[in-house]
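Containing TSV, C-alpha atoms and all ligand atoms: data.tsv.
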chain	number	residue	atom	x	y	z
P	1	MET	CA	-8.83	1.47	-0.77
P	2	THR	CA	-11.67	-0.86	0.15
P	3	PHE	CA	-11.71	-4.59	-0.20
P	4	ILE	CA	-14.32	-6.02	-2.51
P	5	LEU	CA	-16.24	-7.59	0.37
P	6	ASP	CA	-16.65	-4.32	2.31
P	7	LYS	CA	-19.62	-2.10	1.60
P	8	PRO	CA	-18.24	0.72	-0.58
P	9	THR	CA	-18.35	4.20	0.95
P	10	ILE	CA	-20.01	7.13	-0.78
P	11	LEU	CA	-19.65	10.77	0.20
P	12	ILE	CA	-22.64	12.96	-0.63
P	13	ALA	CA	-21.74	16.65	-0.68
P	14	ASP	CA	-24.56	19.14	-1.22
P	15	ASP	CA	-25.45	22.39	0.55
P	16	GLU	CA	-29.19	21.52	0.48
P	17	PRO	CA	-29.84	19.14	3.40
P	18	ILE	CA	-32.94	17.78	1.67
P	19	ASN	CA	-30.86	16.61	-1.32
P	20	VAL	CA	-28.38	14.94	0.99
P	21	ARG	CA	-31.18	13.19	2.87
P	22	VAL	CA	-32.97	11.89	-0.22
P	23	LEU	CA	-29.74	10.60	-1.82
P	24	ALA	CA	-28.52	9.09	1.43
P	25	GLN	CA	-31.82	7.30	2.06
P	26	ASN	CA	-31.78	5.94	-1.46
P	27	LEU	CA	-28.18	4.66	-1.34
P	28	THR	CA	-28.04	3.44	2.26
P	29	PRO	CA	-29.03	-0.19	1.57
P	30	ASN	CA	-25.98	-0.85	-0.60
P	31	TYR	CA	-23.35	1.63	0.60
P	32	ARG	CA	-21.83	3.25	3.65
P	33	ILE	CA	-22.80	6.89	3.46
P	34	LYS	CA	-20.91	10.00	4.57
P	35	THR	CA	-22.29	13.48	4.11
P	36	ALA	CA	-21.05	17.06	3.89
P	37	THR	CA	-22.97	20.28	3.39
P	38	ASN	CA	-20.08	22.37	2.09
P	39	GLY	CA	-16.93	21.99	0.01
P	40	GLN	CA	-14.47	22.34	2.90
P	41	LYS	CA	-16.09	19.53	4.86
P	42	ALA	CA	-16.21	17.37	1.74
P	43	LEU	CA	-12.46	17.86	1.23
P	44	ALA	CA	-11.70	17.03	4.85
P	45	ILE	CA	-13.58	13.72	4.54
P	46	VAL	CA	-11.95	12.93	1.21
P	47	ASN	CA	-8.47	13.44	2.70
P	48	SER	CA	-9.19	11.62	5.98
P	49	ASP	CA	-7.93	8.17	7.00
P	50	ASP	CA	-11.21	6.68	5.86
P	51	PRO	CA	-11.76	8.15	2.40
P	52	PRO	CA	-14.84	7.39	0.28
P	53	ASP	CA	-14.82	5.23	-2.86
P	54	LEU	CA	-16.98	7.76	-4.71
P	55	VAL	CA	-18.11	11.36	-4.24
P	56	LEU	CA	-21.50	12.60	-5.35
P	57	LEU	CA	-20.74	16.28	-5.61
P	58	ASP	CA	-23.04	19.29	-5.94
P	59	ILE	CA	-21.57	22.18	-7.93
P	60	GLN	CA	-23.34	25.24	-6.57
P	61	MET	CA	-22.32	25.58	-2.93
P	62	PRO	CA	-21.32	28.74	-1.02
P	63	ASP	CA	-17.60	29.46	-0.36
P	64	MET	CA	-16.13	26.55	-2.29
P	65	ASP	CA	-18.06	25.17	-5.24
P	66	GLY	CA	-17.97	21.61	-6.57
P	67	TYR	CA	-15.54	22.45	-9.38
P	68	GLN	CA	-13.09	23.82	-6.82
P	69	VAL	CA	-13.50	20.74	-4.63
P	70	LEU	CA	-12.69	18.50	-7.60
P	71	VAL	CA	-9.64	20.56	-8.58
P	72	ALA	CA	-8.36	20.40	-4.98
P	73	MET	CA	-8.97	16.63	-4.87
P	74	ARG	CA	-6.96	16.10	-8.03
P	75	GLN	CA	-3.99	17.92	-6.50
P	76	GLN	CA	-3.68	15.57	-3.51
P	77	ASP	CA	-2.17	12.09	-3.83
P	78	SER	CA	-4.62	10.74	-1.27
P	79	SER	CA	-7.71	11.86	-3.18
P	80	LYS	CA	-6.68	12.21	-6.81
P	81	ASN	CA	-8.02	8.78	-7.78
P	82	ILE	CA	-11.37	8.97	-6.03
P	83	PRO	CA	-14.12	9.12	-8.67
P	84	VAL	CA	-16.51	12.07	-8.63
P	85	ILE	CA	-20.02	12.28	-10.07
P	86	PHE	CA	-21.41	15.79	-10.26
P	87	ILE	CA	-25.05	16.06	-9.32
P	88	THR	CA	-26.20	19.58	-10.07
P	89	ALA	CA	-28.86	22.04	-11.16
P	90	LYS	CA	-26.43	23.46	-13.73
P	91	ASP	CA	-27.84	21.85	-16.84
P	92	GLY	CA	-25.92	23.70	-19.55
P	93	ALA	CA	-23.71	21.73	-21.95
P	94	GLU	CA	-20.77	24.03	-21.11
P	95	ASP	CA	-21.13	23.33	-17.39
P	96	GLU	CA	-21.21	19.61	-18.06
P	97	ALA	CA	-18.22	19.80	-20.40
P	98	LYS	CA	-16.29	21.76	-17.77
P	99	GLY	CA	-17.11	19.19	-15.09
P	100	LEU	CA	-16.07	16.23	-17.23
P	101	ASP	CA	-12.99	18.07	-18.44
P	102	LEU	CA	-11.89	18.64	-14.84
P	103	GLY	CA	-11.98	14.89	-14.37
P	104	ALA	CA	-15.48	14.04	-13.13
P	105	MET	CA	-16.50	10.52	-14.16
P	106	ASP	CA	-20.14	11.42	-14.72
P	107	TYR	CA	-22.60	14.30	-14.61
P	108	ILE	CA	-26.20	14.12	-13.40
P	109	THR	CA	-28.61	17.06	-13.56
P	110	LYS	CA	-31.28	17.99	-11.04
P	111	PRO	CA	-34.07	17.14	-10.63
P	112	PHE	CA	-32.49	13.72	-10.53
P	113	ASN	CA	-34.13	10.39	-11.13
P	114	LEU	CA	-33.21	7.94	-8.36
P	115	PRO	CA	-32.97	4.75	-10.47
P	116	VAL	CA	-30.64	6.60	-12.86
P	117	VAL	CA	-28.52	7.83	-9.94
P	118	ASN	CA	-28.34	4.25	-8.60
P	119	ALA	CA	-27.28	2.82	-11.96
P	120	ARG	CA	-24.60	5.45	-12.53
P	121	VAL	CA	-23.27	5.04	-8.99
P	122	LYS	CA	-23.21	1.27	-9.37
P	123	ASN	CA	-21.18	1.51	-12.61
P	124	GLN	CA	-18.60	3.88	-11.10
P	125	ILE	CA	-18.25	1.76	-7.97
P	126	ALA	CA	-17.66	-1.36	-10.10
P	127	LEU	CA	-14.94	0.48	-12.00
P	128	LYS	CA	-13.36	1.76	-8.78
P	129	GLN	CA	-13.26	-1.76	-7.33
P	130	LYS	CA	-11.51	-3.06	-10.43
P	131	THR	CA	-8.97	-0.24	-10.27
P	132	ASP	CA	-8.35	-0.87	-6.56
P	133	LEU	CA	-7.81	-4.57	-7.23
P	134	LEU	CA	-5.36	-3.88	-10.06
P	135	GLU	CA	-3.52	-1.37	-7.89
P	136	LYS	CA	-3.27	-3.91	-5.11
P	137	LEU	CA	-2.08	-6.68	-7.44
P	138	ALA	CA	0.54	-4.40	-8.95
P	139	LEU	CA	2.16	-4.08	-5.52
P	140	ILE	CA	2.07	-7.76	-4.52
P	141	ASP	CA	4.60	-10.43	-5.46
P	142	GLY	CA	2.79	-13.19	-7.33
P	143	LEU	CA	4.65	-16.12	-5.76
P	144	THR	CA	4.96	-15.19	-2.11
P	145	GLU	CA	1.94	-12.85	-1.92
P	146	ILE	CA	3.89	-10.30	0.10
P	147	PRO	CA	4.63	-6.76	-1.18
P	148	ASN	CA	6.94	-6.64	-4.20
P	149	ARG	CA	9.99	-4.56	-5.05
P	150	ARG	CA	7.89	-1.79	-6.59
P	151	HIS	CA	5.90	-1.46	-3.38
P	152	TYR	CA	9.10	-1.32	-1.34
P	153	ASP	CA	10.73	1.26	-3.64
P	154	SER	CA	7.81	3.64	-3.31
P	155	ARG	CA	7.41	3.10	0.45
P	156	ILE	CA	11.07	3.67	1.30
P	157	GLU	CA	10.94	7.05	-0.48
P	158	VAL	CA	7.92	8.05	1.62
P	159	GLU	CA	9.43	6.77	4.87
P	160	TRP	CA	12.78	8.39	4.10
P	161	ARG	CA	11.14	11.81	3.71
P	162	ARG	CA	9.04	11.27	6.82
P	163	ALA	CA	12.11	10.28	8.86
P	164	ILE	CA	13.93	13.46	7.74
P	165	LYS	CA	10.94	15.59	8.67
P	166	ASP	CA	10.45	13.95	12.09
P	167	GLY	CA	14.14	13.37	12.88
P	168	LEU	CA	13.48	9.68	13.54
P	169	PRO	CA	15.62	6.61	12.83
P	170	LEU	CA	14.82	4.36	9.89
P	171	SER	CA	16.04	0.77	9.93
P	172	LEU	CA	16.46	-1.72	7.15
P	173	VAL	CA	17.01	-5.49	7.22
P	174	MET	CA	18.28	-7.27	4.11
P	175	ILE	CA	17.62	-11.01	4.11
P	176	ASP	CA	19.04	-13.66	1.81
P	177	ILE	CA	18.34	-17.40	1.90
P	178	ASP	CA	21.48	-19.46	2.45
P	179	GLU	CA	22.73	-21.87	-0.22
P	180	PHE	CA	19.48	-21.63	-2.08
P	181	LYS	CA	20.94	-22.61	-5.40
P	182	LEU	CA	21.95	-25.93	-3.86
P	183	PHE	CA	18.44	-26.28	-2.42
P	184	ASN	CA	16.92	-25.90	-5.89
P	185	ASP	CA	19.48	-28.25	-7.42
P	186	ASN	CA	18.78	-30.90	-4.83
P	187	TYR	CA	15.03	-30.62	-4.20
P	188	GLY	CA	13.83	-29.03	-7.42
P	189	HIS	CA	12.57	-25.57	-8.31
P	190	ALA	CA	8.99	-26.32	-7.22
P	191	GLN	CA	10.14	-27.21	-3.69
P	192	GLY	CA	12.28	-24.07	-3.85
P	193	ASP	CA	9.16	-22.05	-4.51
P	194	VAL	CA	7.43	-23.66	-1.53
P	195	ALA	CA	10.39	-22.79	0.68
P	196	LEU	CA	10.37	-19.19	-0.56
P	197	LYS	CA	6.67	-18.86	0.34
P	198	ARG	CA	7.24	-20.31	3.81
P	199	VAL	CA	10.18	-17.98	4.49
P	200	ALA	CA	8.17	-14.97	3.25
P	201	ALA	CA	5.15	-15.83	5.41
P	202	ILE	CA	7.11	-16.43	8.60
P	203	THR	CA	9.15	-13.25	8.07
P	204	ALA	CA	5.93	-11.25	7.65
P	205	SER	CA	4.51	-12.82	10.82
P	206	GLN	CA	7.40	-11.38	12.87
P	207	LEU	CA	6.36	-7.78	12.14
P	208	LYS	CA	3.89	-6.22	14.53
P	209	ARG	CA	3.41	-2.61	13.49
P	210	ASN	CA	1.33	-1.45	10.51
P	211	SER	CA	4.17	0.81	9.44
P	212	ASP	CA	6.65	-2.09	9.11
P	213	LEU	CA	6.98	-3.48	5.60
P	214	VAL	CA	8.41	-6.75	4.35
P	215	ALA	CA	8.90	-7.14	0.61
P	216	ARG	CA	10.42	-9.58	-1.83
P	217	TYR	CA	13.48	-7.65	-2.96
P	218	GLY	CA	14.63	-10.08	-5.65
P	219	GLY	CA	14.84	-13.85	-6.26
P	220	GLU	CA	15.50	-15.27	-2.78
P	221	GLU	CA	16.10	-11.94	-1.11
P	222	PHE	CA	13.73	-10.06	1.16
P	223	VAL	CA	13.85	-6.63	2.72
P	224	VAL	CA	12.24	-5.36	5.90
P	225	LEU	CA	11.66	-1.64	6.34
P	226	LEU	CA	11.24	-0.47	9.93
P	227	PRO	CA	10.29	3.19	10.37
P	228	ASP	CA	10.95	4.84	13.73
P	229	CYS	CA	13.07	1.88	14.83
P	230	THR	CA	16.50	1.95	16.51
P	231	LEU	CA	19.40	-0.25	15.44
P	232	ALA	CA	19.14	-2.29	18.65
P	233	PHE	CA	15.47	-3.01	18.09
P	234	ALA	CA	15.97	-3.75	14.40
P	235	ARG	CA	18.70	-6.23	15.33
P	236	THR	CA	16.26	-7.97	17.71
P	237	ILE	CA	13.62	-8.21	14.97
P	238	ALA	CA	16.23	-9.53	12.54
P	239	ASP	CA	17.29	-12.20	15.00
P	240	ASN	CA	13.65	-13.17	15.60
P	241	ILE	CA	13.30	-13.62	11.84
P	242	ARG	CA	16.48	-15.70	11.69
P	243	GLN	CA	15.23	-17.97	14.49
P	244	ALA	CA	11.73	-18.21	13.03
P	245	VAL	CA	13.08	-19.33	9.65
P	246	TYR	CA	15.33	-21.87	11.39
P	247	SER	CA	12.35	-23.20	13.33
P	248	LEU	CA	10.49	-23.88	10.08
P	249	ASN	CA	12.68	-26.98	10.00
P	250	LEU	CA	12.84	-27.15	6.21
P	251	GLU	CA	15.33	-29.86	5.36
P	252	HIS	CA	18.37	-28.76	3.32
P	253	GLU	CA	21.01	-31.46	3.36
P	254	TYR	CA	23.66	-29.33	1.62
P	255	ALA	CA	23.42	-26.44	4.07
P	256	LYS	CA	25.66	-26.25	7.09
P	257	ALA	CA	22.69	-26.24	9.48
P	258	LYS	CA	21.06	-29.09	7.50
P	259	GLN	CA	17.99	-26.91	7.09
P	260	VAL	CA	16.92	-23.74	5.35
P	261	THR	CA	18.41	-20.68	7.03
P	262	VAL	CA	18.79	-16.99	6.23
P	263	SER	CA	21.54	-14.42	6.62
P	264	LEU	CA	20.63	-10.87	7.56
P	265	GLY	CA	22.26	-7.44	7.39
P	266	VAL	CA	20.80	-4.62	9.49
P	267	SER	CA	21.37	-0.90	8.99
P	268	CYS	CA	19.87	2.13	10.69
P	269	ILE	CA	20.07	5.83	9.99
P	270	ILE	CA	18.57	9.10	11.14
P	271	PRO	CA	18.41	10.50	7.62
P	272	SER	CA	19.32	14.00	6.58
P	273	ARG	CA	19.00	15.75	3.24
P	274	GLU	CA	22.68	15.19	2.49
P	275	GLN	CA	22.27	11.41	2.54
P	276	SER	CA	20.51	9.11	0.13
P	277	VAL	CA	18.30	6.08	0.46
P	278	GLU	CA	21.00	4.11	-1.34
P	279	SER	CA	23.43	4.63	1.54
P	280	LEU	CA	21.06	2.80	3.91
P	281	GLN	CA	20.58	-0.05	1.43
P	282	LYS	CA	24.28	-0.29	0.64
P	283	LYS	CA	25.15	-0.55	4.33
P	284	ALA	CA	22.60	-3.36	4.90
P	285	ASP	CA	23.95	-5.15	1.82
P	286	GLU	CA	27.53	-4.94	3.06
P	287	LEU	CA	26.54	-6.31	6.46
P	288	LEU	CA	24.57	-9.11	4.81
P	289	TYR	CA	27.72	-10.00	2.89
P	290	LEU	CA	29.61	-10.14	6.20
P	291	ALA	CA	26.91	-12.44	7.64
P	292	LYS	CA	27.44	-14.77	4.68
P	293	LYS	CA	31.21	-14.64	5.03
P	294	SER	CA	31.12	-15.38	8.74
P	295	GLY	CA	29.22	-18.63	8.28
P	296	ARG	CA	25.57	-17.86	7.29
P	297	ASN	CA	22.45	-18.21	9.51
P	298	LYS	CA	23.64	-14.99	11.16
P	299	VAL	CA	22.60	-11.41	11.81
P	300	VAL	CA	25.20	-8.67	11.37
P	301	ALA	CA	24.24	-5.16	12.46
P	401	LIG	P1	24.23	-17.75	-0.63
P	401	LIG	O1	24.15	-18.52	0.63
P	401	LIG	O2	25.60	-17.17	-0.84
P	401	LIG	O3	23.16	-16.73	-0.74
P	401	LIG	O4	24.03	-18.82	-1.81
P	401	LIG	P2	22.80	-18.92	-2.80
P	401	LIG	O5	22.92	-20.21	-3.52
P	401	LIG	O6	21.53	-18.69	-2.09
P	401	LIG	O7	23.03	-17.65	-3.73
P	401	LIG	P3	22.85	-17.42	-5.26
P	401	LIG	O8	22.59	-15.96	-5.45
P	401	LIG	O9	24.00	-18.03	-5.99
P	401	LIG	O10	21.54	-18.21	-5.66
P	401	LIG	C1	20.26	-17.74	-5.48
P	401	LIG	C2	19.35	-18.82	-5.96
P	401	LIG	O11	17.98	-18.46	-5.74
P	401	LIG	C3	19.49	-19.06	-7.45
P	401	LIG	C4	18.08	-19.14	-7.95
P	401	LIG	O12	17.86	-20.31	-8.67
P	401	LIG	C5	17.22	-19.13	-6.72
P	401	LIG	N1	15.96	-18.43	-6.94
P	401	LIG	C6	15.78	-17.13	-7.20
P	401	LIG	N2	14.45	-16.87	-7.38
P	401	LIG	C7	13.81	-18.05	-7.24
P	401	LIG	C8	12.44	-18.44	-7.34
P	401	LIG	O13	11.53	-17.64	-7.58
P	401	LIG	N3	12.14	-19.74	-7.11
P	401	LIG	C9	13.10	-20.66	-6.84
P	401	LIG	N4	12.73	-21.91	-6.63
P	401	LIG	N5	14.40	-20.32	-6.76
P	401	LIG	C10	14.76	-19.04	-6.96
P	402	MG	MG	-26.14	23.54	-4.21
P	403	MG	MG	20.92	-13.89	-3.30
P	404	MG	MG	21.18	-16.83	-1.19

Transcribe the structure of this file into structure tokens.
Ligand code: GH3
Ligand code: MG
Ligand code: MG
Ligand code: MG
Amino acid sequence: MTFILDKPTILIADDEPINVRVLAQNLTPNYRIKTATNGQKALAIVNSDDPPDLVLLDIQMPDMDGYQVLVAMRQQDSSKNIPVIFITAKDGAEDEAKGLDLGAMDYITKPFNLPVVNARVKNQIALKQKTDLLEKLALIDGLTEIPNRRHYDSRIEVEWRRAIKDGLPLSLVMIDIDEFKLFNDNYGHAQGDVALKRVAAITASQLKRNSDLVARYGGEEFVVLLPDCTLAFARTIADNIRQAVYSLNLEHEYAKAKQVTVSLGVSCIIPSREQSVESLQKKADELLYLAKKSGRNKVVA
């Protein structure tokens, strides 16, 4: 996924180097260009860590033709949403219908006209950027601007499977703001929203690895997912979060600490197929409850 301000990336895949060169030269001013001269290479680029935003794909190539590349792309989660424009000498209506039916967004026949190629590329890129933005927004909580529950639910499934495969621990921290109902009652819902945003931001700032995820789990509850993280280390992170929230110094006259604090429950598991994600969540929830019962502003692991 690219951000709107980045130059979009286009992969040009064609077995004729001259075609690749002409298209690349033409598109270079507005896009980052990657090239491939066969289907296998195109697929490798499409499934890499730096995938393109659009593929301009020749059909007739030795070994693996463009149709096959598109079919393979549609079978992989990482590449199934990347738009493809066929650019081909196959100018029959049946070939075009087949290409579009397989999921290509557009179909250009050779010899191509460069201004037409530019216009069609521009339209598909605009559409892709809108889709990326919607996808991003769908995973972000509107108030706190951190990942939402949907994002967390899909990530924990992925991390759970990965942890089983790699035999690594997966840690979870459940966080709940203390006496938040009283905060709202006393300072108003708008101030409550401000406090929620501050707690979310400072919690996020405590996480250092790209693989760590903090999400808004529900109203005034947050969850931190820590892949490949031991219980001891997760407990340290949880306590850093607790201290960081405390140090925000948000006044809360009806809380024991006289300021906004959080309680945290920490669980860790090396998952196996017999266990379920829910067991990890349930454990963190139970420990969070103990943190509340034992006085709040506490970590229980
Ligand atoms: P405890 O220490 O036991 O967690 O007490 P609590 O008052 O925090 O717990 P409770 O679950 O009773 O209350 C949660 C409160 O969080 C109630 C609700 O008004 C508030 N809340 C939930 N979502 C939002 C929100 O988006 N904005 C604001 N301002 N408040 C919210
Ligand atoms: Mg060809
Ligand atoms: Mg709560
Ligand atoms: Mg609460």

Report as a ChimeraX atom specification all protein, DNA and RNA residues lying within 7 Å of region 258-266 of chain P, evaluated on all atoms listed in the file, omitting residues in the same chain fewer than 4 positions from it. /P:172-178,234-235,238,242,245-246,249-254,284-285,287-288,291-292,296-301

Residues within 9 Å of ligand LIG 401 (chain P), counting all atoms listed in the file: report them as a PyMOL selection string. chain P and resi 143-144+176-185+188-196+218-221+255+261-263+289+292-293+296

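One finds CA of Gly167 (chain P) at 8.2 Å from CA of Ser272 (chain P).
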
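One finds CA of Asp58 (chain P) at 15.4 Å from CA of Leu114 (chain P).
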
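Near ligand MG 402 (chain P), at distances of 8 Å or less and with only C-alpha atoms and all ligand atoms counted, sit the residues P:Asp14, P:Asp15, P:Glu16, P:Asp58, P:Ile59, P:Gln60, P:Met61, P:Pro62, P:Thr88, P:Ala89.
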
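Closest approach to Glu274 (chain P) among P:Ile164, P:Met64, P:Ile108, P:Leu248 is made by P:Ile164 (distances from only C-alpha atoms).
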
Which of P:Asn47, P:Thr28, P:Ile18, P:Ser171 sits closest to Lys283 (chain P) [using all atoms listed in the file]: P:Ser171

Nearest to ligand MG 403 (chain P), chosen from P:Leu70, P:Ser267, P:Tyr217, P:Gln129, with all atoms listed in the file counted in the distances: P:Tyr217

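Minimum atom-to-atom distance to Tyr67 (chain P), evaluated using all atoms listed in the file, belongs to P:Gly99 out of P:Asn38, P:Val46, P:Gly99, P:Asn81.
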
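The residue that comes closest to Trp160 (chain P), out of P:Val117, P:Val20, P:Ile87, P:Leu280 and on the basis of all atoms listed in the file, is P:Leu280.
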
Using all atoms listed in the file, which residues sit within 12 Å of Asp53 (chain P) once same-chain residues fewer than 3 positions away are excluded, as a PyMOL selection string? chain P and resi 1-4+6-12+31-34+45-47+50+56+78-85+121-122+124-132

Those same residues - C-alpha atoms - I'd like them written as a PDB file, in the coordinates of the input.
ATOM      1  CA  MET P   1      -8.830   1.470  -0.770  1.00  0.00           C
ATOM      2  CA  THR P   2     -11.670  -0.860   0.150  1.00  0.00           C
ATOM      3  CA  PHE P   3     -11.710  -4.590  -0.200  1.00  0.00           C
ATOM      4  CA  ILE P   4     -14.320  -6.020  -2.510  1.00  0.00           C
ATOM      5  CA  ASP P   6     -16.650  -4.320   2.310  1.00  0.00           C
ATOM      6  CA  LYS P   7     -19.620  -2.100   1.600  1.00  0.00           C
ATOM      7  CA  PRO P   8     -18.240   0.720  -0.580  1.00  0.00           C
ATOM      8  CA  THR P   9     -18.350   4.200   0.950  1.00  0.00           C
ATOM      9  CA  ILE P  10     -20.010   7.130  -0.780  1.00  0.00           C
ATOM     10  CA  LEU P  11     -19.650  10.770   0.200  1.00  0.00           C
ATOM     11  CA  ILE P  12     -22.640  12.960  -0.630  1.00  0.00           C
ATOM     12  CA  TYR P  31     -23.350   1.630   0.600  1.00  0.00           C
ATOM     13  CA  ARG P  32     -21.830   3.250   3.650  1.00  0.00           C
ATOM     14  CA  ILE P  33     -22.800   6.890   3.460  1.00  0.00           C
ATOM     15  CA  LYS P  34     -20.910  10.000   4.570  1.00  0.00           C
ATOM     16  CA  ILE P  45     -13.580  13.720   4.540  1.00  0.00           C
ATOM     17  CA  VAL P  46     -11.950  12.930   1.210  1.00  0.00           C
ATOM     18  CA  ASN P  47      -8.470  13.440   2.700  1.00  0.00           C
ATOM     19  CA  ASP P  50     -11.210   6.680   5.860  1.00  0.00           C
ATOM     20  CA  LEU P  56     -21.500  12.600  -5.350  1.00  0.00           C
ATOM     21  CA  SER P  78      -4.620  10.740  -1.270  1.00  0.00           C
ATOM     22  CA  SER P  79      -7.710  11.860  -3.180  1.00  0.00           C
ATOM     23  CA  LYS P  80      -6.680  12.210  -6.810  1.00  0.00           C
ATOM     24  CA  ASN P  81      -8.020   8.780  -7.780  1.00  0.00           C
ATOM     25  CA  ILE P  82     -11.370   8.970  -6.030  1.00  0.00           C
ATOM     26  CA  PRO P  83     -14.120   9.120  -8.670  1.00  0.00           C
ATOM     27  CA  VAL P  84     -16.510  12.070  -8.630  1.00  0.00           C
ATOM     28  CA  ILE P  85     -20.020  12.280 -10.070  1.00  0.00           C
ATOM     29  CA  VAL P 121     -23.270   5.040  -8.990  1.00  0.00           C
ATOM     30  CA  LYS P 122     -23.210   1.270  -9.370  1.00  0.00           C
ATOM     31  CA  GLN P 124     -18.600   3.880 -11.100  1.00  0.00           C
ATOM     32  CA  ILE P 125     -18.250   1.760  -7.970  1.00  0.00           C
ATOM     33  CA  ALA P 126     -17.660  -1.360 -10.100  1.00  0.00           C
ATOM     34  CA  LEU P 127     -14.940   0.480 -12.000  1.00  0.00           C
ATOM     35  CA  LYS P 128     -13.360   1.760  -8.780  1.00  0.00           C
ATOM     36  CA  GLN P 129     -13.260  -1.760  -7.330  1.00  0.00           C
ATOM     37  CA  LYS P 130     -11.510  -3.060 -10.430  1.00  0.00           C
ATOM     38  CA  THR P 131      -8.970  -0.240 -10.270  1.00  0.00           C
ATOM     39  CA  ASP P 132      -8.350  -0.870  -6.560  1.00  0.00           C
TER      40      ASP P 132
END

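Taking CA of Asp239 (chain P) and CA of Ile146 (chain P) as endpoints, the distance between them is 20.1 Å.
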
Set up a box along x, y and z of the file covering all listed atoms of region 14-30 of chain P, add 3 Å on every one of the six sides, and write the centre and edge lengths in Å to one decimal, as JSON.
{"center_x": -28.8, "center_y": 10.8, "center_z": 0.8, "size_x": 14.4, "size_y": 29.2, "size_z": 11.2}

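Shortest separation to Arg161 (chain P) among P:Thr203, P:Asn210, P:Asn148, P:Ser276 occurs at residue P:Ser276, atoms counted being only C-alpha atoms.
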
Neighbours of Leu43 (chain P) within 8 Å (all atoms listed in the file; same-chain residues fewer than 3 positions away dropped), as a ChimeraX atom specification? /P:39-40,46-47,69,72-73

Place N, CA, C and O atoms on region 13-24 of chain P and deliver the coordinates as an mmCIF file, keeping the file's coordinate frame.
data_model
loop_
_atom_site.group_PDB
_atom_site.id
_atom_site.type_symbol
_atom_site.label_atom_id
_atom_site.label_comp_id
_atom_site.auth_asym_id
_atom_site.auth_seq_id
_atom_site.Cartn_x
_atom_site.Cartn_y
_atom_site.Cartn_z
ATOM 1 N N ALA P 13 -22.037 15.268 -1.067
ATOM 2 C CA ALA P 13 -21.740 16.650 -0.680
ATOM 3 C C ALA P 13 -22.703 17.591 -1.405
ATOM 4 O O ALA P 13 -22.674 17.697 -2.633
ATOM 5 N N ASP P 14 -23.555 18.240 -0.642
ATOM 6 C CA ASP P 14 -24.560 19.140 -1.220
ATOM 7 C C ASP P 14 -24.970 20.124 -0.126
ATOM 8 O O ASP P 14 -25.119 19.716 1.037
ATOM 9 N N ASP P 15 -25.104 21.411 -0.479
ATOM 10 C CA ASP P 15 -25.450 22.390 0.550
ATOM 11 C C ASP P 15 -26.941 22.367 0.915
ATOM 12 O O ASP P 15 -27.352 23.002 1.890
ATOM 13 N N GLU P 16 -27.765 21.648 0.150
ATOM 14 C CA GLU P 16 -29.190 21.520 0.480
ATOM 15 C C GLU P 16 -29.398 20.226 1.270
ATOM 16 O O GLU P 16 -29.335 19.138 0.698
ATOM 17 N N PRO P 17 -29.692 20.359 2.581
ATOM 18 C CA PRO P 17 -29.840 19.140 3.400
ATOM 19 C C PRO P 17 -30.877 18.166 2.834
ATOM 20 O O PRO P 17 -30.712 16.959 2.967
ATOM 21 N N ILE P 18 -31.897 18.678 2.189
ATOM 22 C CA ILE P 18 -32.940 17.780 1.670
ATOM 23 C C ILE P 18 -32.373 16.863 0.580
ATOM 24 O O ILE P 18 -32.690 15.676 0.528
ATOM 25 N N ASN P 19 -31.498 17.431 -0.276
ATOM 26 C CA ASN P 19 -30.860 16.610 -1.320
ATOM 27 C C ASN P 19 -30.018 15.504 -0.692
ATOM 28 O O ASN P 19 -30.041 14.355 -1.130
ATOM 29 N N VAL P 20 -29.244 15.905 0.314
ATOM 30 C CA VAL P 20 -28.380 14.940 0.990
ATOM 31 C C VAL P 20 -29.220 13.815 1.557
ATOM 32 O O VAL P 20 -28.909 12.625 1.388
ATOM 33 N N ARG P 21 -30.345 14.201 2.214
ATOM 34 C CA ARG P 21 -31.180 13.190 2.870
ATOM 35 C C ARG P 21 -31.771 12.206 1.862
ATOM 36 O O ARG P 21 -31.747 11.006 2.051
ATOM 37 N N VAL P 22 -32.315 12.755 0.777
ATOM 38 C CA VAL P 22 -32.970 11.890 -0.220
ATOM 39 C C VAL P 22 -31.944 10.924 -0.837
ATOM 40 O O VAL P 22 -32.198 9.720 -0.955
ATOM 41 N N LEU P 23 -30.773 11.467 -1.206
ATOM 42 C CA LEU P 23 -29.740 10.600 -1.820
ATOM 43 C C LEU P 23 -29.244 9.563 -0.820
ATOM 44 O O LEU P 23 -29.082 8.386 -1.160
ATOM 45 N N ALA P 24 -29.040 10.008 0.418
ATOM 46 C CA ALA P 24 -28.520 9.090 1.430
ATOM 47 C C ALA P 24 -29.513 7.956 1.677
ATOM 48 O O ALA P 24 -29.128 6.777 1.710
#
